[in-house]
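Asks: Below is the file model36.cif, with mmCIF, C-alpha atoms and all ligand atoms.
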```
data_final
#
loop_
_atom_site.label_atom_id
_atom_site.label_comp_id
_atom_site.auth_asym_id
_atom_site.auth_seq_id
_atom_site.Cartn_x
_atom_site.Cartn_y
_atom_site.Cartn_z
CA MET W 1 113.53 4.55 -176.25
CA VAL W 2 112.08 4.97 -172.74
CA ASP W 3 114.52 5.68 -169.93
CA LEU W 4 112.95 3.24 -167.49
CA GLN W 5 115.31 4.11 -164.69
CA ALA W 6 114.37 7.79 -164.91
CA ALA W 7 110.65 6.92 -165.19
CA GLY W 8 110.79 4.71 -162.10
CA GLN W 9 112.73 7.31 -160.14
CA ARG W 10 110.32 10.06 -161.10
CA ALA W 11 107.26 7.97 -160.15
CA ILE W 12 108.71 7.22 -156.70
CA ALA W 13 109.92 10.79 -156.18
CA ARG W 14 106.45 12.14 -156.99
CA CYS W 15 104.82 9.80 -154.47
CA ASP W 16 107.36 11.03 -151.92
CA ALA W 17 106.62 14.65 -152.80
CA LEU W 18 102.91 14.03 -152.12
CA GLY W 19 103.73 12.58 -148.69
CA VAL W 20 104.01 15.93 -146.89
CA ALA W 21 102.03 19.17 -146.48
CA PRO W 22 100.22 20.67 -148.31
CA TYR W 23 99.45 17.23 -149.80
CA SER W 24 98.92 15.86 -146.29
CA ASP W 25 96.54 17.32 -143.72
CA SER W 26 98.70 15.99 -140.89
CA HIS W 27 102.07 17.41 -139.92
CA THR W 28 103.14 14.24 -138.13
CA GLY W 29 102.56 11.85 -141.04
CA LEU W 30 100.61 11.41 -144.25
CA TYR W 31 96.84 11.80 -144.08
CA ARG W 32 94.99 12.70 -147.26
CA ALA W 33 91.28 11.96 -147.08
CA TRP W 34 88.59 12.49 -149.70
CA LEU W 35 87.48 16.08 -150.38
CA THR W 36 89.96 17.65 -147.96
CA PRO W 37 92.42 20.51 -148.57
CA ALA W 38 95.24 17.93 -148.94
CA HIS W 39 93.23 16.06 -151.57
CA ARG W 40 92.64 19.31 -153.47
CA ALA W 41 96.34 20.24 -153.36
CA ALA W 42 97.37 16.77 -154.53
CA GLN W 43 94.86 16.87 -157.39
CA ASP W 44 96.21 20.22 -158.57
CA LYS W 45 99.79 18.90 -158.52
CA VAL W 46 98.93 15.62 -160.27
CA ALA W 47 96.91 17.51 -162.91
CA GLN W 48 100.03 19.56 -163.62
CA TRP W 49 102.09 16.36 -164.07
CA MET W 50 99.37 14.92 -166.33
CA GLY W 51 99.47 18.07 -168.44
CA GLN W 52 103.25 17.82 -168.81
CA ALA W 53 102.82 14.23 -170.02
CA GLY W 54 100.47 15.36 -172.80
CA MET W 55 97.08 14.81 -171.20
CA ALA W 56 94.05 17.09 -171.09
CA THR W 57 92.66 17.09 -167.55
CA ARG W 58 89.25 17.53 -165.96
CA ILE W 59 87.46 16.81 -162.68
CA ASP W 60 84.37 14.64 -163.17
CA ALA W 61 81.04 14.83 -161.32
CA ALA W 62 82.32 12.50 -158.58
CA SER W 63 85.54 14.50 -157.94
CA ASN W 64 87.80 12.13 -159.87
CA LEU W 65 90.77 13.70 -161.65
CA VAL W 66 90.86 12.42 -165.24
CA GLY W 67 93.74 12.98 -167.66
CA ARG W 68 93.15 11.98 -171.30
CA TYR W 69 95.77 11.20 -173.93
CA GLN W 70 94.02 11.01 -177.26
CA GLY W 71 94.19 7.98 -179.53
CA ASN W 72 94.52 8.14 -183.30
CA MET W 73 90.82 9.06 -183.52
CA PRO W 74 89.43 11.87 -181.34
CA ASP W 75 86.43 9.90 -180.08
CA ALA W 76 88.25 6.58 -179.67
CA PRO W 77 87.29 4.52 -176.61
CA ALA W 78 89.78 4.64 -173.74
CA LEU W 79 91.93 2.29 -171.74
CA LEU W 80 91.61 3.59 -168.18
CA ILE W 81 94.70 3.41 -165.97
CA GLY W 82 94.07 4.44 -162.40
CA SER W 83 94.39 4.18 -158.68
CA HIS W 84 93.51 6.33 -155.69
CA LEU W 85 94.90 9.58 -154.34
CA ASP W 86 93.38 9.34 -150.86
CA SER W 87 95.13 7.69 -147.94
CA VAL W 88 94.54 6.19 -144.53
CA ARG W 89 95.83 7.97 -141.41
CA ASP W 90 99.61 7.67 -140.91
CA ALA W 91 99.77 6.26 -144.40
CA GLY W 92 102.60 5.10 -146.59
CA ARG W 93 103.34 7.18 -149.67
CA TYR W 94 102.87 4.58 -152.41
CA ASP W 95 99.53 2.92 -151.65
CA GLY W 96 97.42 4.46 -154.41
CA PRO W 97 99.56 7.29 -155.79
CA LEU W 98 102.13 4.89 -157.28
CA GLY W 99 99.52 3.46 -159.68
CA ILE W 100 98.62 6.97 -160.83
CA MET W 101 102.27 7.98 -161.28
CA LEU W 102 103.02 4.81 -163.28
CA GLY W 103 100.05 5.60 -165.55
CA ILE W 104 101.42 9.11 -166.09
CA GLU W 105 104.86 7.64 -166.92
CA CYS W 106 103.28 5.34 -169.53
CA VAL W 107 101.60 8.30 -171.21
CA ALA W 108 104.78 10.40 -170.96
CA ALA W 109 106.66 7.62 -172.78
CA LEU W 110 104.00 7.38 -175.50
CA GLN W 111 104.03 11.12 -175.98
CA ALA W 112 107.84 11.24 -176.12
CA SER W 113 107.87 8.67 -178.92
CA GLY W 114 104.94 10.32 -180.71
CA THR W 115 102.89 7.13 -180.43
CA ARG W 116 99.13 7.30 -180.93
CA LEU W 117 97.13 4.16 -180.29
CA PRO W 118 93.83 2.87 -181.65
CA PHE W 119 92.40 3.87 -178.27
CA ALA W 120 92.82 6.81 -175.91
CA ILE W 121 94.48 6.40 -172.53
CA GLU W 122 92.90 8.04 -169.51
CA VAL W 123 94.77 8.19 -166.24
CA ILE W 124 92.35 8.40 -163.31
CA ALA W 125 93.05 9.57 -159.76
CA PHE W 126 90.15 8.23 -157.68
CA GLY W 127 89.13 10.00 -154.47
CA ASP W 128 87.95 7.68 -151.73
CA GLU W 129 89.27 4.17 -152.07
CA GLU W 130 90.31 3.92 -148.42
CA GLY W 131 87.10 5.13 -146.77
CA SER W 132 89.19 6.89 -144.12
CA ARG W 133 86.89 9.90 -143.80
CA PHE W 134 83.36 8.54 -144.31
CA PRO W 135 82.17 5.09 -143.13
CA ALA W 136 82.01 3.78 -146.71
CA SER W 137 84.51 3.70 -149.54
CA MET W 138 84.97 3.70 -153.31
CA PHE W 139 82.16 6.18 -153.97
CA THR W 140 84.19 7.81 -156.74
CA SER W 141 85.02 4.62 -158.64
CA ARG W 142 81.45 3.38 -158.11
CA ALA W 143 80.20 6.61 -159.66
CA MET W 144 82.50 6.11 -162.66
CA ALA W 145 81.49 2.45 -163.00
CA GLY W 146 77.83 3.48 -163.00
CA THR W 147 76.92 1.59 -159.82
CA LEU W 148 76.35 4.58 -157.51
CA SER W 149 73.10 6.49 -157.16
CA ALA W 150 72.86 9.89 -155.48
CA GLU W 151 70.63 8.27 -152.81
CA ALA W 152 73.57 6.14 -151.64
CA LEU W 153 75.13 9.29 -150.18
CA ASP W 154 72.17 9.94 -147.85
CA GLY W 155 72.95 9.97 -144.16
CA ILE W 156 76.68 9.30 -144.56
CA VAL W 157 78.64 11.72 -142.39
CA ASP W 158 82.27 12.02 -141.26
CA ALA W 159 83.47 12.23 -137.64
CA ALA W 160 82.87 15.99 -137.64
CA GLY W 161 79.26 15.52 -138.77
CA VAL W 162 79.89 16.75 -142.34
CA SER W 163 77.83 14.80 -144.88
CA VAL W 164 79.20 13.53 -148.19
CA ALA W 165 76.73 15.85 -149.92
CA GLU W 166 78.05 18.88 -148.01
CA ALA W 167 81.64 17.89 -148.73
CA LEU W 168 80.89 17.58 -152.45
CA ARG W 169 79.16 20.98 -152.46
CA GLY W 170 82.27 22.39 -150.80
CA TRP W 171 84.12 21.29 -153.92
CA GLN W 172 81.56 23.02 -156.18
CA LEU W 173 80.15 19.60 -157.12
CA ASP W 174 76.43 18.82 -157.08
CA PRO W 175 75.76 15.63 -155.06
CA ALA W 176 72.51 15.09 -156.95
CA ARG W 177 74.55 14.75 -160.15
CA ILE W 178 77.27 12.38 -158.90
CA ALA W 179 75.92 9.59 -161.12
CA GLU W 180 76.86 11.72 -164.15
CA ALA W 181 80.43 10.54 -163.63
CA ALA W 182 79.29 7.15 -165.00
CA ARG W 183 81.08 6.08 -168.17
CA ARG W 184 79.30 4.32 -171.00
CA PRO W 185 80.70 0.81 -171.57
CA GLU W 186 81.29 1.60 -175.26
CA GLN W 187 83.62 4.47 -174.23
CA VAL W 188 85.91 2.16 -172.30
CA ILE W 189 87.94 -0.86 -173.39
CA GLY W 190 89.33 -1.78 -170.00
CA TYR W 191 90.82 -0.74 -166.67
CA LEU W 192 94.42 -1.34 -165.63
CA GLU W 193 95.58 -0.66 -162.07
CA ALA W 194 99.13 -0.97 -160.79
CA HIS W 195 99.46 -1.04 -157.00
CA ILE W 196 101.98 -2.03 -154.39
CA GLU W 197 101.28 -5.57 -153.24
CA GLN W 198 100.73 -4.60 -149.57
CA GLY W 199 101.77 -8.15 -148.75
CA PRO W 200 105.06 -10.05 -148.45
CA VAL W 201 104.64 -12.65 -151.22
CA LEU W 202 106.48 -11.02 -154.16
CA GLU W 203 109.43 -10.07 -151.98
CA ALA W 204 109.63 -13.65 -150.69
CA GLU W 205 109.52 -14.94 -154.28
CA GLY W 206 112.21 -12.48 -155.36
CA LEU W 207 109.92 -10.93 -157.97
CA ALA W 208 109.43 -7.24 -158.75
CA LEU W 209 105.96 -7.74 -160.25
CA GLY W 210 102.94 -10.00 -159.89
CA VAL W 211 99.79 -10.51 -161.94
CA VAL W 212 96.57 -10.28 -159.93
CA THR W 213 93.89 -12.80 -160.83
CA GLY W 214 91.16 -11.21 -158.72
CA ILE W 215 90.24 -9.32 -155.59
CA ALA W 216 88.79 -10.92 -152.48
CA ALA W 217 85.14 -10.42 -151.52
CA GLN W 218 84.60 -7.99 -148.65
CA LEU W 219 81.81 -7.20 -146.16
CA ARG W 220 81.87 -4.36 -143.64
CA PHE W 221 79.58 -3.84 -140.66
CA GLU W 222 79.10 -1.10 -138.10
CA VAL W 223 78.40 -2.97 -134.86
CA THR W 224 77.03 -1.36 -131.71
CA VAL W 225 77.00 -3.07 -128.34
CA THR W 226 74.54 -1.39 -125.99
CA GLY W 227 74.68 -2.21 -122.30
CA ARG W 228 73.98 0.04 -119.32
CA ALA W 229 76.28 2.79 -118.08
CA GLY W 230 76.69 2.91 -114.32
CA HIS W 231 78.89 4.14 -111.49
CA ALA W 232 82.14 2.17 -111.34
CA GLY W 233 82.04 2.21 -107.54
CA THR W 234 78.41 1.53 -106.76
CA SER W 235 77.35 -0.93 -109.54
CA PRO W 236 77.73 -4.48 -108.16
CA MET W 237 79.34 -6.86 -110.64
CA PRO W 238 76.34 -9.22 -111.05
CA LEU W 239 74.03 -6.29 -111.89
CA ARG W 240 76.18 -4.77 -114.63
CA ALA W 241 75.60 -4.81 -118.37
CA ASP W 242 79.12 -3.77 -119.38
CA ALA W 243 79.17 -2.99 -123.11
CA LEU W 244 82.97 -3.07 -123.35
CA ALA W 245 83.36 -6.46 -121.70
CA ALA W 246 80.76 -7.83 -124.14
CA ALA W 247 82.50 -6.13 -127.08
CA ALA W 248 85.83 -7.63 -125.98
CA GLU W 249 84.26 -11.07 -126.14
CA CYS W 250 82.90 -10.25 -129.61
CA VAL W 251 86.37 -9.19 -130.81
CA LEU W 252 87.91 -12.45 -129.59
CA ALA W 253 85.08 -14.40 -131.27
CA VAL W 254 85.87 -12.67 -134.59
CA GLU W 255 89.49 -13.73 -134.33
CA ALA W 256 88.68 -17.27 -133.21
CA ILE W 257 86.16 -17.92 -136.00
CA ALA W 258 88.48 -16.66 -138.76
CA ARG W 259 91.43 -18.58 -137.30
CA ALA W 260 89.48 -21.80 -137.04
CA ASP W 261 88.51 -21.57 -140.71
CA ASP W 262 91.07 -23.27 -142.93
CA SER W 263 90.08 -21.25 -146.03
CA ASP W 264 91.42 -17.77 -146.86
CA LEU W 265 88.78 -16.13 -144.59
CA VAL W 266 90.10 -13.11 -142.66
CA ALA W 267 88.12 -10.96 -140.21
CA THR W 268 89.14 -7.81 -138.37
CA VAL W 269 87.85 -5.33 -135.79
CA GLY W 270 89.90 -2.25 -136.60
CA ARG W 271 88.07 0.51 -134.77
CA LEU W 272 86.36 0.50 -131.39
CA GLN W 273 85.04 3.30 -129.24
CA VAL W 274 84.16 3.20 -125.53
CA LEU W 275 81.23 5.36 -124.40
CA PRO W 276 80.92 7.41 -122.34
CA GLY W 277 84.65 6.77 -121.94
CA ALA W 278 85.32 7.78 -118.34
CA THR W 279 87.51 6.06 -115.75
CA ASN W 280 84.71 5.86 -113.19
CA VAL W 281 81.83 4.79 -115.47
CA VAL W 282 80.89 1.25 -116.54
CA PRO W 283 80.83 1.46 -120.38
CA GLY W 284 77.28 1.82 -121.69
CA GLN W 285 77.87 1.64 -125.40
CA VAL W 286 80.66 0.39 -127.67
CA PRO W 287 80.48 0.89 -131.43
CA PHE W 288 83.05 -1.05 -133.46
CA SER W 289 83.83 -1.91 -137.07
CA LEU W 290 83.88 -5.42 -138.53
CA ASP W 291 85.59 -6.29 -141.82
CA VAL W 292 85.26 -9.81 -143.30
CA ARG W 293 87.02 -11.01 -146.50
CA ALA W 294 87.61 -14.18 -148.48
CA GLY W 295 88.58 -15.15 -152.02
CA ASP W 296 84.98 -16.09 -152.85
CA ASP W 297 81.59 -14.73 -151.80
CA ALA W 298 80.27 -17.95 -150.25
CA THR W 299 83.19 -18.35 -147.82
CA ARG W 300 82.96 -14.71 -146.82
CA ASP W 301 79.19 -14.86 -146.28
CA ALA W 302 79.38 -18.06 -144.24
CA GLY W 303 82.13 -16.55 -142.05
CA ALA W 304 80.16 -13.33 -141.51
CA ALA W 305 76.99 -15.25 -140.66
CA GLN W 306 78.85 -17.33 -138.09
CA ILE W 307 80.38 -14.21 -136.51
CA LEU W 308 77.06 -12.35 -136.32
CA GLY W 309 75.39 -15.44 -134.82
CA ARG W 310 78.06 -15.58 -132.14
CA PHE W 311 77.54 -11.87 -131.35
CA GLN W 312 73.88 -12.58 -130.57
CA ALA W 313 74.80 -15.50 -128.31
CA ILE W 314 77.26 -13.26 -126.43
CA ALA W 315 74.61 -10.52 -126.15
CA ALA W 316 72.03 -12.95 -124.75
CA ALA W 317 74.46 -14.38 -122.21
CA ARG W 318 75.50 -10.92 -120.99
CA GLY W 319 72.18 -9.09 -121.12
CA VAL W 320 73.32 -6.50 -123.66
CA GLN W 321 72.14 -5.70 -127.17
CA VAL W 322 74.30 -6.13 -130.26
CA GLN W 323 73.19 -4.47 -133.47
CA ALA W 324 75.16 -4.99 -136.70
CA ILE W 325 74.47 -2.82 -139.73
CA GLN W 326 76.04 -3.86 -143.02
CA VAL W 327 77.67 -0.81 -144.58
CA GLN W 328 79.56 -2.41 -147.45
CA ASP W 329 79.20 -5.47 -149.67
CA LEU W 330 81.88 -5.88 -152.32
CA PRO W 331 81.66 -9.23 -154.10
CA ALA W 332 84.77 -11.10 -155.24
CA SER W 333 86.06 -9.49 -158.39
CA PRO W 334 87.97 -11.71 -160.81
CA CYS W 335 90.21 -9.93 -163.33
CA ASP W 336 89.60 -10.47 -167.04
CA VAL W 337 91.06 -13.73 -168.34
CA HIS W 338 92.26 -12.18 -171.61
CA PHE W 339 93.86 -9.23 -169.79
CA ILE W 340 95.56 -11.59 -167.31
CA ALA W 341 97.12 -13.45 -170.25
CA LEU W 342 98.31 -10.20 -171.90
CA LEU W 343 99.74 -8.93 -168.62
CA GLU W 344 101.57 -12.23 -168.04
CA GLN W 345 103.15 -11.91 -171.49
CA ALA W 346 104.08 -8.30 -170.72
CA VAL W 347 105.69 -9.31 -167.40
CA ALA W 348 107.52 -12.25 -169.01
CA ALA W 349 108.88 -9.83 -171.65
CA GLN W 350 110.72 -8.06 -168.79
CA ASP W 351 112.48 -11.35 -167.93
CA ILE W 352 110.30 -11.78 -164.84
CA ALA W 353 108.58 -15.12 -164.28
CA PRO W 354 104.83 -14.37 -164.38
CA TYR W 355 103.46 -14.97 -160.90
CA ARG W 356 99.73 -15.00 -160.15
CA LEU W 357 98.18 -13.90 -156.88
CA VAL W 358 94.81 -12.93 -155.37
CA SER W 359 94.50 -9.51 -153.75
CA GLY W 360 93.26 -9.65 -150.16
CA ALA W 361 92.99 -5.87 -150.18
CA GLY W 362 90.16 -4.08 -151.92
CA HIS W 363 90.97 -1.83 -154.86
CA ASP W 364 89.09 0.44 -157.22
CA ALA W 365 89.58 -2.32 -159.83
CA MET W 366 86.99 -4.47 -158.06
CA VAL W 367 84.41 -1.74 -158.57
CA MET W 368 85.45 -0.96 -162.15
CA ARG W 369 84.74 -4.56 -163.15
CA ALA W 370 81.05 -3.61 -163.36
CA LEU W 371 82.00 -1.31 -166.25
CA CYS W 372 84.73 -3.11 -168.19
CA PRO W 373 87.37 -5.86 -168.13
CA THR W 374 90.02 -5.24 -165.49
CA ALA W 375 93.68 -6.07 -164.95
CA MET W 376 95.92 -5.48 -161.95
CA LEU W 377 99.67 -5.44 -161.67
CA PHE W 378 101.25 -5.75 -158.22
CA VAL W 379 104.58 -4.10 -157.47
CA ARG W 380 106.80 -5.50 -154.71
CA CYS W 381 107.06 -3.50 -151.47
CA ASP W 382 109.43 -3.94 -148.53
CA GLY W 383 108.31 -6.58 -146.05
CA GLY W 384 104.73 -6.35 -147.29
CA ILE W 385 104.36 -3.32 -145.01
CA SER W 386 101.52 -0.96 -145.95
CA HIS W 387 99.11 1.47 -144.27
CA ASN W 388 102.21 2.48 -142.34
CA PRO W 389 104.77 5.29 -142.76
CA ALA W 390 107.43 2.56 -143.20
CA GLU W 391 105.82 1.51 -146.50
CA ARG W 392 108.49 1.44 -149.21
CA ALA W 393 108.62 0.74 -152.95
CA HIS W 394 111.68 1.01 -155.19
CA ALA W 395 112.48 3.02 -158.29
CA ALA W 396 113.90 -0.01 -160.12
CA ASP W 397 110.65 -1.96 -159.57
CA ALA W 398 108.60 1.07 -160.61
CA GLY W 399 110.67 1.32 -163.80
CA VAL W 400 110.08 -2.31 -164.71
CA ALA W 401 106.37 -1.83 -163.93
CA VAL W 402 106.24 1.01 -166.48
CA ALA W 403 107.93 -1.28 -169.02
CA ALA W 404 105.41 -4.06 -168.39
CA MET W 405 102.46 -1.65 -168.58
CA LEU W 406 103.73 -0.19 -171.87
CA ASP W 407 104.18 -3.73 -173.21
CA PHE W 408 100.61 -4.56 -172.12
CA ILE W 409 99.35 -1.41 -173.88
CA GLU W 410 101.24 -2.35 -177.04
CA ARG W 411 99.85 -5.90 -177.01
CA LEU W 412 96.35 -4.55 -176.41
CA GLY W 413 96.83 -2.19 -179.36
CA ALA W 414 97.90 -5.11 -181.56
CA THR W 415 94.73 -7.06 -180.69
CA ARG W 416 92.60 -4.06 -181.66
CA GLY W 417 94.41 -3.14 -184.88
CA THR W 418 96.38 0.03 -185.37
ZN ZN I 1 95.41 1.29 -152.18
#
```
Here is the file; what I need is its structure written in the form of structure tokens.
Replies:
Amino acid sequence: MVDLQAAGQRAIARCDALGVAPYSDSHTGLYRAWLTPAHRAAQDKVAQWMGQAGMATRIDAASNLVGRYQGNMPDAPALLIGSHLDSVRDAGRYDGPLGIMLGIECVAALQASGTRLPFAIEVIAFGDEEGSRFPASMFTSRAMAGTLSAEALDGIVDAAGVSVAEALRGWQLDPARIAEAARRPEQVIGYLEAHIEQGPVLEAEGLALGVVTGIAAQLRFEVTVTGRAGHAGTSPMPLRADALAAAAECVLAVEAIARADDSDLVATVGRLQVLPGATNVVPGQVPFSLDVRAGDDATRDAGAAQILGRFQAIAAARGVQVQAIQVQDLPASPCDVHFIALLEQAVAAQDIAPYRLVSGAGHDAMVMRALCPTAMLFVRCDGGISHNPAERAHAADAGVAVAAMLDFIERLGATRGT
């Protein structure tokens, strides 16, 4: 019999333990980016916990930590249970790690009861879901799903000028071989990810868990407004080409277009830089990020096209140039219909009304869909707050998540024969 209370408490306590140095590279909050010392330290610690739960661990060619709990046949295909170990800056402690810890708790429970299934279970700790170090994300899950080529790494550098290839080499990994992390579809029966909701819906509904039906489509652009730098005292207003003033108009256009749309379209400028960035200089160049999402690809694409069209109109009116380079295109990713049904039964078995929701946030699950059927379980978090040190999830909810995941695993086993 699984002690769910203890399992939930341990999962939360482990996320908390990973929230400080050496598992964070910041001393003022949590920051654990891909291929950093904090990432390495966290991997070592999580590998130890995986080992205690009965898993054999390895690091794959894309830097993912993989723990395998064998099925009743040594070469049985695996159910993958995963989430990400990396974080944004000033992160919460549960976004990502909680899904990994819940996977470890499932395996620990199976091991404690001596249960072997007709499939293996592999718990995966992905490396770069957030994209907080390099201007692209989900390289490590894309490598595992078989949708990443080594060429995709070319020219991608972090703020310090370190390329992805150099960072991988620093981890004794060969960037030319990153695609070797790809799994063969016949090795994998599915992917299950548990994650905090990062939204307020479950809390408002009074539910500990929710069943995700799919993940919203997402586009990201790197936009650069180029005007003309000049002396703040001697450049007359009519003769200026102020890149920041133009960028400000672009930012307001992004908000206005998404607000005016009555679908689930959302659009955000989350990072903006002013160059050269001096009090007495008219800004000459302003690079900024643009993130556009919607529940389906067509809505997202139409929204992005409207925004980019408006940028050009603003550029023409102000005599500046606006260049937008698409750096990410993640299509909408529906979860597997059969898995959704199994997960709903597993949630209902915990006396929780099954509640369906779409994820507005991207997750490794959206990438893994290229490899296998996917399922996602959302866990309630306080106030929907995430990407914030105030992020909070509860041991009782984590415990019931473990119960639902184990029930899902059992039901999956029953459909495949024991
Ligand atoms: Zn996450």
Asks: List all protein, DNA and RNA residues that have an atom no more than 10 Å from any atom of ligand ZN 1 (chain I), counting all atoms listed in the file, and report them as a VMD selection string.
Replies: chain W and resid 83 to 88 92 94 to 99 128 to 130 194 to 198 361 to 364 386 to 387
Asks: Would you export the selected residues with C-alpha atoms as a PDB file, keeping the file's coordinate frame, please?
Replies:
```pdb
ATOM      1  CA  SER W  83      94.390   4.180-158.680  1.00  0.00           C
ATOM      2  CA  HIS W  84      93.510   6.330-155.690  1.00  0.00           C
ATOM      3  CA  LEU W  85      94.900   9.580-154.340  1.00  0.00           C
ATOM      4  CA  ASP W  86      93.380   9.340-150.860  1.00  0.00           C
ATOM      5  CA  SER W  87      95.130   7.690-147.940  1.00  0.00           C
ATOM      6  CA  VAL W  88      94.540   6.190-144.530  1.00  0.00           C
ATOM      7  CA  GLY W  92     102.600   5.100-146.590  1.00  0.00           C
ATOM      8  CA  TYR W  94     102.870   4.580-152.410  1.00  0.00           C
ATOM      9  CA  ASP W  95      99.530   2.920-151.650  1.00  0.00           C
ATOM     10  CA  GLY W  96      97.420   4.460-154.410  1.00  0.00           C
ATOM     11  CA  PRO W  97      99.560   7.290-155.790  1.00  0.00           C
ATOM     12  CA  LEU W  98     102.130   4.890-157.280  1.00  0.00           C
ATOM     13  CA  GLY W  99      99.520   3.460-159.680  1.00  0.00           C
ATOM     14  CA  ASP W 128      87.950   7.680-151.730  1.00  0.00           C
ATOM     15  CA  GLU W 129      89.270   4.170-152.070  1.00  0.00           C
ATOM     16  CA  GLU W 130      90.310   3.920-148.420  1.00  0.00           C
ATOM     17  CA  ALA W 194      99.130  -0.970-160.790  1.00  0.00           C
ATOM     18  CA  HIS W 195      99.460  -1.040-157.000  1.00  0.00           C
ATOM     19  CA  ILE W 196     101.980  -2.030-154.390  1.00  0.00           C
ATOM     20  CA  GLU W 197     101.280  -5.570-153.240  1.00  0.00           C
ATOM     21  CA  GLN W 198     100.730  -4.600-149.570  1.00  0.00           C
ATOM     22  CA  ALA W 361      92.990  -5.870-150.180  1.00  0.00           C
ATOM     23  CA  GLY W 362      90.160  -4.080-151.920  1.00  0.00           C
ATOM     24  CA  HIS W 363      90.970  -1.830-154.860  1.00  0.00           C
ATOM     25  CA  ASP W 364      89.090   0.440-157.220  1.00  0.00           C
ATOM     26  CA  SER W 386     101.520  -0.960-145.950  1.00  0.00           C
ATOM     27  CA  HIS W 387      99.110   1.470-144.270  1.00  0.00           C
TER      28      HIS W 387
END
```
Asks: Given all atoms listed in the file as the basis, pick out the residue of W:Ala53, W:Val322, W:Val20, W:Leu371 nearest to Pro185 in chain W.
Replies: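 Smallest separation from Pro185 in chain W among the options: W:Leu371.
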Asks: Tell me, in Å to one decimal, how far CA of Met50 in chain W is from CA of Glu166 in chain W.
Replies: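 The value is 28.4 Å.
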Asks: Let me make sure I understand: among W:Pro287, W:Gly399, W:Pro77, W:Gly270, which one has the smallest atom-to-atom distance to Glu105 in chain W if we use only C-alpha atoms?
Replies: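 Nearest candidate to Glu105 in chain W out of W:Pro287, W:Gly399, W:Pro77, W:Gly270: W:Gly399.
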Asks: What gap, in Å, lies between CA of Ala47 in chain W and CA of Ala179 in chain W?
Replies: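 One can read the CA of Ala47 in chain W to CA of Ala179 in chain W distance as 22.5 Å.
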